[in-house]
Amino acid sequence: MAKYALRLTVIAYLFFLVAWPLYLVGKNAFANGLDNITGILEDPDIVHALTLTVQVAVIAVIINTVFGVGISLLLVRYEFPGKRLLSAMLDVPLSVSPIVVGLALVLVYGGRNGWFGPALENAGFQVIFSTPGIVLATVFVALPLVIREVVPVLEEVGDEQEQAARSLGANAVQTFRRITLPSIKWGVIYGVVLSLARSLGEFGAVKVVSGNVLGQTRTATLVVEEKYLNFDKGGAYATAFLLALVAVACIITVSILRPKEDR
Amino acid sequence: MSSALLVPDRPAASRRRAARGGRRLTRVSGLGLGIAMMWFSLLVLIPLAAVVVTGTSGGWSGFWDAVTNEQTAAAIRLTVGTAFLVTVVNVIMGTLIAWVLVRDRFPGQRALEVLIDIPFALPTIVAGLVLLSLYGPNSPLGINIANARPAVFLAFLFVTLPFVVRTVQPVLAELDKEAEEAAMSLGASKFTVFRRIILPSLTPAIAAGAALSFARGVSEYGSLVLLSGNLPMRTEVTSVRILSSIENDNVDSAAAVATVLLVISFAVIVILDLLQRRMVRRG
């Protein structure tokens, strides 16, 4: 009896908190048939925002994947002073407010008063209120995701095979490509999918650093806010629906790909 | 299925690593570490240091004035208070959800697993819109909490949903059932078994999830933009307050308030690190 009460409580909680609200966004997006969706896809500014969002997310994911795999290898396979501190610091981006992330980047890379901003600007490189700033903000917020997926896998597989490969004369690149990479493949893929979802959806940090210029630095999440506040609820729901669709697709992909290791 | 992104190092693996120990740095890996550290410093460490330096540039009194400004103090109280309440709810509901996912079997369970991860992947601005569609002006339930304080609570509850569930779930799944069965056979009631046998093993995981959920709540911004109305003294949270300071070109006071948030984040990171070590020892 208690079992069914618990089961029911959990299902009801998740239904009212997640499932039903999520369903309503889909319903509102298609309230006028396909009009809302075609409406945003015919607006060149929104198409620009969607394209920018995808470009930024792809760049951010590539950077975070290279950095994440590299640092995971260093953390798991090597000993160096400050390792524990570094490992803890790598989680910081998960718990810092996106607005603080944006502020932090503006304070260093801002064109007027930033620590490095004016020098970079004189060299002809604008970071804040421009695409590089959006990329930096996105990379910052999604930084730990690949690492958190890859580190446990690397620890799990151990390094016996790598040592064997090396003792048989393989160099570092060969060992990485033939032995390490195949064994951490799934961890990397989960990390990439989660980073992609997070990168496409970043809002607060991007809002601070982008300047939110229509047709230039406005990203998809900023479009949702703008549309909603300007009483174009159809457009807001349609854009939100597209973003939600990608996010849910990412989560379902991970849930299908991931082996049921804990069962 | 577990979401390793929220789960600390697996105990068994960490033990093995501790026993084996890593290699010393070679020239190539040392260079790699150097480049990685430089990137990490340029992206994360130096900018965060800039926040603290700017926030405290006016000395202690400047910092204190910015933080105790009536409107700012109200925002910090609301944020920390609500995040605390939400964390309490998450400790109870998160443990309950993890329990049902691990110990119960029923059709559609896979769908629940996906539902729990959705708040993590959903863009926060979309999360706000999502909640607004059920609990806003056009609510099919007739509940409208838009622009009121419960909206802040609801938004925090939504975005922090996965944390306790995902930290408790793997620990619960690995728990040895023998101790429970022994206690039962000695006549302990179900409640006693839960309180005396199961709960103590779960406590570090629950605490870790609670810390993450508190940190996430305190730093939340995106989901509140459309939902809470950001009314000063009523529904304005700390992040919104920082943003309005930035937009009014009052960067010093923005950085001072941001420093408070950073201190909270760092405290959480330290607590988590200690808890993870404790979990590894127990594992």
# chains A, B, ... in the order shown; residues from 1 in each chain; ligands from 1
$ select_by_dssp --residues "region 151-222 of chain B" --states "alpha helix (DSSP H)" --output "MDAnalysis selection string"
chainID B and resid 151:159 161:174 177:185 190:193 199:218
$ interface_residues --of "chain B" --to "chain A" --cutoff "7 Å" --atoms "only C-alpha atoms" --output "mmCIF file with N, CA and C atoms, in the first residue's frame"
data_model
loop_
_atom_site.group_PDB
_atom_site.id
_atom_site.type_symbol
_atom_site.label_atom_id
_atom_site.label_comp_id
_atom_site.auth_asym_id
_atom_site.auth_seq_id
_atom_site.Cartn_x
_atom_site.Cartn_y
_atom_site.Cartn_z
ATOM 1 N N MET B 1 20.160 3.689 -15.103
ATOM 2 C CA MET B 1 20.709 4.903 -15.697
ATOM 3 C C MET B 1 21.048 5.899 -14.617
ATOM 4 N N ALA B 4 25.954 10.846 -14.584
ATOM 5 C CA ALA B 4 27.243 11.003 -13.919
ATOM 6 C C ALA B 4 27.626 12.464 -13.777
ATOM 7 N N LEU B 5 26.945 13.325 -14.521
ATOM 8 C CA LEU B 5 27.339 14.723 -14.459
ATOM 9 C C LEU B 5 27.097 15.312 -13.083
ATOM 10 N N ASP B 9 32.731 11.191 -8.015
ATOM 11 C CA ASP B 9 33.517 10.032 -8.456
ATOM 12 C C ASP B 9 32.974 8.749 -7.865
ATOM 13 N N ARG B 10 32.957 7.722 -8.690
ATOM 14 C CA ARG B 10 32.482 6.444 -8.145
ATOM 15 C C ARG B 10 33.486 5.906 -7.137
ATOM 16 N N ALA B 13 36.137 3.100 -8.159
ATOM 17 C CA ALA B 13 37.154 3.563 -9.088
ATOM 18 C C ALA B 13 38.170 4.456 -8.377
ATOM 19 N N ARG B 17 42.250 4.111 -8.000
ATOM 20 C CA ARG B 17 43.196 5.125 -8.411
ATOM 21 C C ARG B 17 44.141 5.461 -7.267
ATOM 22 N N GLY B 22 49.106 8.038 -9.795
ATOM 23 C CA GLY B 22 49.322 8.428 -11.184
ATOM 24 C C GLY B 22 50.790 8.551 -11.494
ATOM 25 N N ARG B 23 51.075 8.792 -12.770
ATOM 26 C CA ARG B 23 52.462 8.968 -13.174
ATOM 27 C C ARG B 23 52.883 10.406 -12.937
ATOM 28 N N ARG B 24 54.211 10.606 -12.899
ATOM 29 C CA ARG B 24 54.718 11.979 -12.833
ATOM 30 C C ARG B 24 54.532 12.605 -14.201
ATOM 31 N N LEU B 25 54.517 13.945 -14.225
ATOM 32 C CA LEU B 25 54.330 14.638 -15.493
ATOM 33 C C LEU B 25 55.540 14.451 -16.407
ATOM 34 N N ALA B 36 46.402 24.137 -20.535
ATOM 35 C CA ALA B 36 45.077 24.000 -19.944
ATOM 36 C C ALA B 36 44.891 24.996 -18.803
ATOM 37 N N LEU B 43 39.834 32.158 -18.728
ATOM 38 C CA LEU B 43 38.377 32.044 -18.855
ATOM 39 C C LEU B 43 37.677 32.172 -17.510
ATOM 40 N N VAL B 44 38.214 31.521 -16.467
ATOM 41 C CA VAL B 44 37.468 31.411 -15.208
ATOM 42 C C VAL B 44 38.146 32.159 -14.057
ATOM 43 N N PRO B 47 38.749 36.242 -14.535
ATOM 44 C CA PRO B 47 37.471 36.972 -14.468
ATOM 45 C C PRO B 47 36.819 36.920 -13.083
ATOM 46 N N LEU B 48 36.850 35.758 -12.418
ATOM 47 C CA LEU B 48 36.227 35.692 -11.094
ATOM 48 C C LEU B 48 37.017 36.532 -10.089
ATOM 49 N N ALA B 50 38.572 39.195 -10.877
ATOM 50 C CA ALA B 50 38.210 40.578 -11.206
ATOM 51 C C ALA B 50 36.930 40.991 -10.486
ATOM 52 N N VAL B 51 35.985 40.057 -10.347
ATOM 53 C CA VAL B 51 34.736 40.360 -9.637
ATOM 54 C C VAL B 51 35.046 40.710 -8.185
ATOM 55 N N ILE B 97 11.943 10.430 -4.637
ATOM 56 C CA ILE B 97 11.964 10.094 -6.065
ATOM 57 C C ILE B 97 13.059 9.061 -6.335
ATOM 58 N N VAL B 100 11.867 5.659 -5.207
ATOM 59 C CA VAL B 100 10.897 5.039 -6.125
ATOM 60 C C VAL B 100 11.597 4.561 -7.396
ATOM 61 N N VAL B 114 13.684 10.467 -17.674
ATOM 62 C CA VAL B 114 13.904 11.557 -18.625
ATOM 63 C C VAL B 114 13.355 12.867 -18.065
ATOM 64 N N LEU B 115 12.174 12.798 -17.447
ATOM 65 C CA LEU B 115 11.562 14.012 -16.882
ATOM 66 C C LEU B 115 12.484 14.682 -15.869
ATOM 67 N N ASP B 117 15.742 14.739 -15.756
ATOM 68 C CA ASP B 117 16.884 15.429 -16.353
ATOM 69 C C ASP B 117 16.488 16.659 -17.159
ATOM 70 N N ILE B 118 15.213 16.767 -17.517
ATOM 71 C CA ILE B 118 14.798 17.875 -18.387
ATOM 72 C C ILE B 118 15.127 19.249 -17.800
ATOM 73 N N ALA B 121 18.615 20.335 -18.736
ATOM 74 C CA ALA B 121 18.962 20.618 -20.124
ATOM 75 C C ALA B 121 18.135 21.748 -20.720
ATOM 76 N N LEU B 122 16.970 21.996 -20.154
ATOM 77 C CA LEU B 122 16.086 23.009 -20.719
ATOM 78 C C LEU B 122 16.668 24.408 -20.484
ATOM 79 N N PRO B 123 16.718 25.246 -21.551
ATOM 80 C CA PRO B 123 17.181 26.613 -21.333
ATOM 81 C C PRO B 123 16.349 27.276 -20.240
ATOM 82 N N THR B 124 17.007 28.049 -19.359
ATOM 83 C CA THR B 124 16.276 28.581 -18.207
ATOM 84 C C THR B 124 15.141 29.512 -18.618
ATOM 85 N N ILE B 125 15.353 30.277 -19.691
ATOM 86 C CA ILE B 125 14.288 31.186 -20.109
ATOM 87 C C ILE B 125 13.060 30.380 -20.553
ATOM 88 N N VAL B 126 13.336 29.225 -21.193
ATOM 89 C CA VAL B 126 12.237 28.345 -21.594
ATOM 90 C C VAL B 126 11.582 27.739 -20.353
ATOM 91 N N VAL B 130 7.742 27.760 -19.575
ATOM 92 C CA VAL B 130 7.067 26.488 -19.325
ATOM 93 C C VAL B 130 6.198 26.590 -18.068
ATOM 94 N N LEU B 131 6.792 27.119 -16.978
ATOM 95 C CA LEU B 131 6.045 27.224 -15.723
ATOM 96 C C LEU B 131 4.920 28.244 -15.841
ATOM 97 N N SER B 133 3.120 28.793 -18.355
ATOM 98 C CA SER B 133 1.973 28.290 -19.095
ATOM 99 C C SER B 133 1.032 27.477 -18.202
ATOM 100 N N LEU B 134 1.544 26.928 -17.093
ATOM 101 C CA LEU B 134 0.627 26.202 -16.195
ATOM 102 C C LEU B 134 0.277 27.021 -14.952
ATOM 103 N N PHE B 158 11.842 23.958 -9.799
ATOM 104 C CA PHE B 158 11.960 23.343 -11.122
ATOM 105 C C PHE B 158 13.425 23.138 -11.497
ATOM 106 N N PRO B 170 22.458 6.679 -7.330
ATOM 107 C CA PRO B 170 23.481 5.636 -7.456
ATOM 108 C C PRO B 170 23.895 5.033 -6.107
ATOM 109 N N ALA B 173 21.295 2.591 -5.149
ATOM 110 C CA ALA B 173 21.333 1.406 -5.997
ATOM 111 C C ALA B 173 22.433 0.439 -5.564
ATOM 112 N N ALA B 215 23.098 25.876 -4.069
ATOM 113 C CA ALA B 215 23.941 26.744 -4.887
ATOM 114 C C ALA B 215 23.230 27.144 -6.180
ATOM 115 N N ARG B 216 22.573 26.159 -6.783
ATOM 116 C CA ARG B 216 21.872 26.437 -8.036
ATOM 117 C C ARG B 216 20.723 27.420 -7.802
ATOM 118 N N SER B 219 21.893 31.012 -7.331
ATOM 119 C CA SER B 219 22.449 31.676 -8.507
ATOM 120 C C SER B 219 21.458 31.769 -9.666
ATOM 121 N N GLU B 220 20.225 31.329 -9.459
ATOM 122 C CA GLU B 220 19.284 31.254 -10.579
ATOM 123 C C GLU B 220 18.911 32.632 -11.117
ATOM 124 N N TYR B 221 18.791 32.703 -12.434
ATOM 125 C CA TYR B 221 18.369 33.955 -13.048
ATOM 126 C C TYR B 221 17.304 33.739 -14.134
ATOM 127 N N GLY B 222 17.666 32.968 -15.163
ATOM 128 C CA GLY B 222 16.870 32.903 -16.390
ATOM 129 C C GLY B 222 15.407 32.553 -16.201
ATOM 130 N N SER B 239 20.464 37.781 -8.462
ATOM 131 C CA SER B 239 21.021 37.868 -9.813
ATOM 132 C C SER B 239 20.396 39.013 -10.600
ATOM 133 N N LEU B 243 22.178 42.335 -12.221
ATOM 134 C CA LEU B 243 22.022 42.741 -13.621
ATOM 135 C C LEU B 243 21.563 44.191 -13.713
ATOM 136 N N ALA B 258 27.883 40.457 -6.377
ATOM 137 C CA ALA B 258 28.339 39.219 -7.020
ATOM 138 C C ALA B 258 29.352 38.494 -6.141
ATOM 139 N N LEU B 262 29.529 34.657 -5.018
ATOM 140 C CA LEU B 262 30.715 33.824 -5.239
ATOM 141 C C LEU B 262 31.145 33.132 -3.952
ATOM 142 N N SER B 265 28.999 30.220 -3.523
ATOM 143 C CA SER B 265 29.383 29.132 -4.442
ATOM 144 C C SER B 265 30.622 28.401 -3.946
ATOM 145 N N ILE B 269 31.285 24.501 -2.936
ATOM 146 C CA ILE B 269 32.313 23.656 -3.556
ATOM 147 C C ILE B 269 33.158 22.968 -2.478
ATOM 148 N N ASP B 273 33.441 18.971 -1.803
ATOM 149 C CA ASP B 273 34.710 18.272 -1.861
ATOM 150 C C ASP B 273 34.891 17.408 -0.611
#
$ atom_distance --atom1 "CA of Ser72 (chain A)" --atom2 "CA of Val192 (chain A)"
14.1 Å
$ residues_around --residues "region 67-74 of chain B" --least-positions-apart "4" --cutoff "12 Å" --atoms "only C-alpha atoms" --output "JSON, numbers by chain"
{"B": [55, 56, 60, 61, 62, 63, 78, 79, 80, 81, 82, 230, 231, 232, 233, 234, 235, 236, 237, 238, 239, 240, 241, 242, 243, 244, 245, 252, 253, 254, 255, 256, 257, 258, 259, 260, 261]}
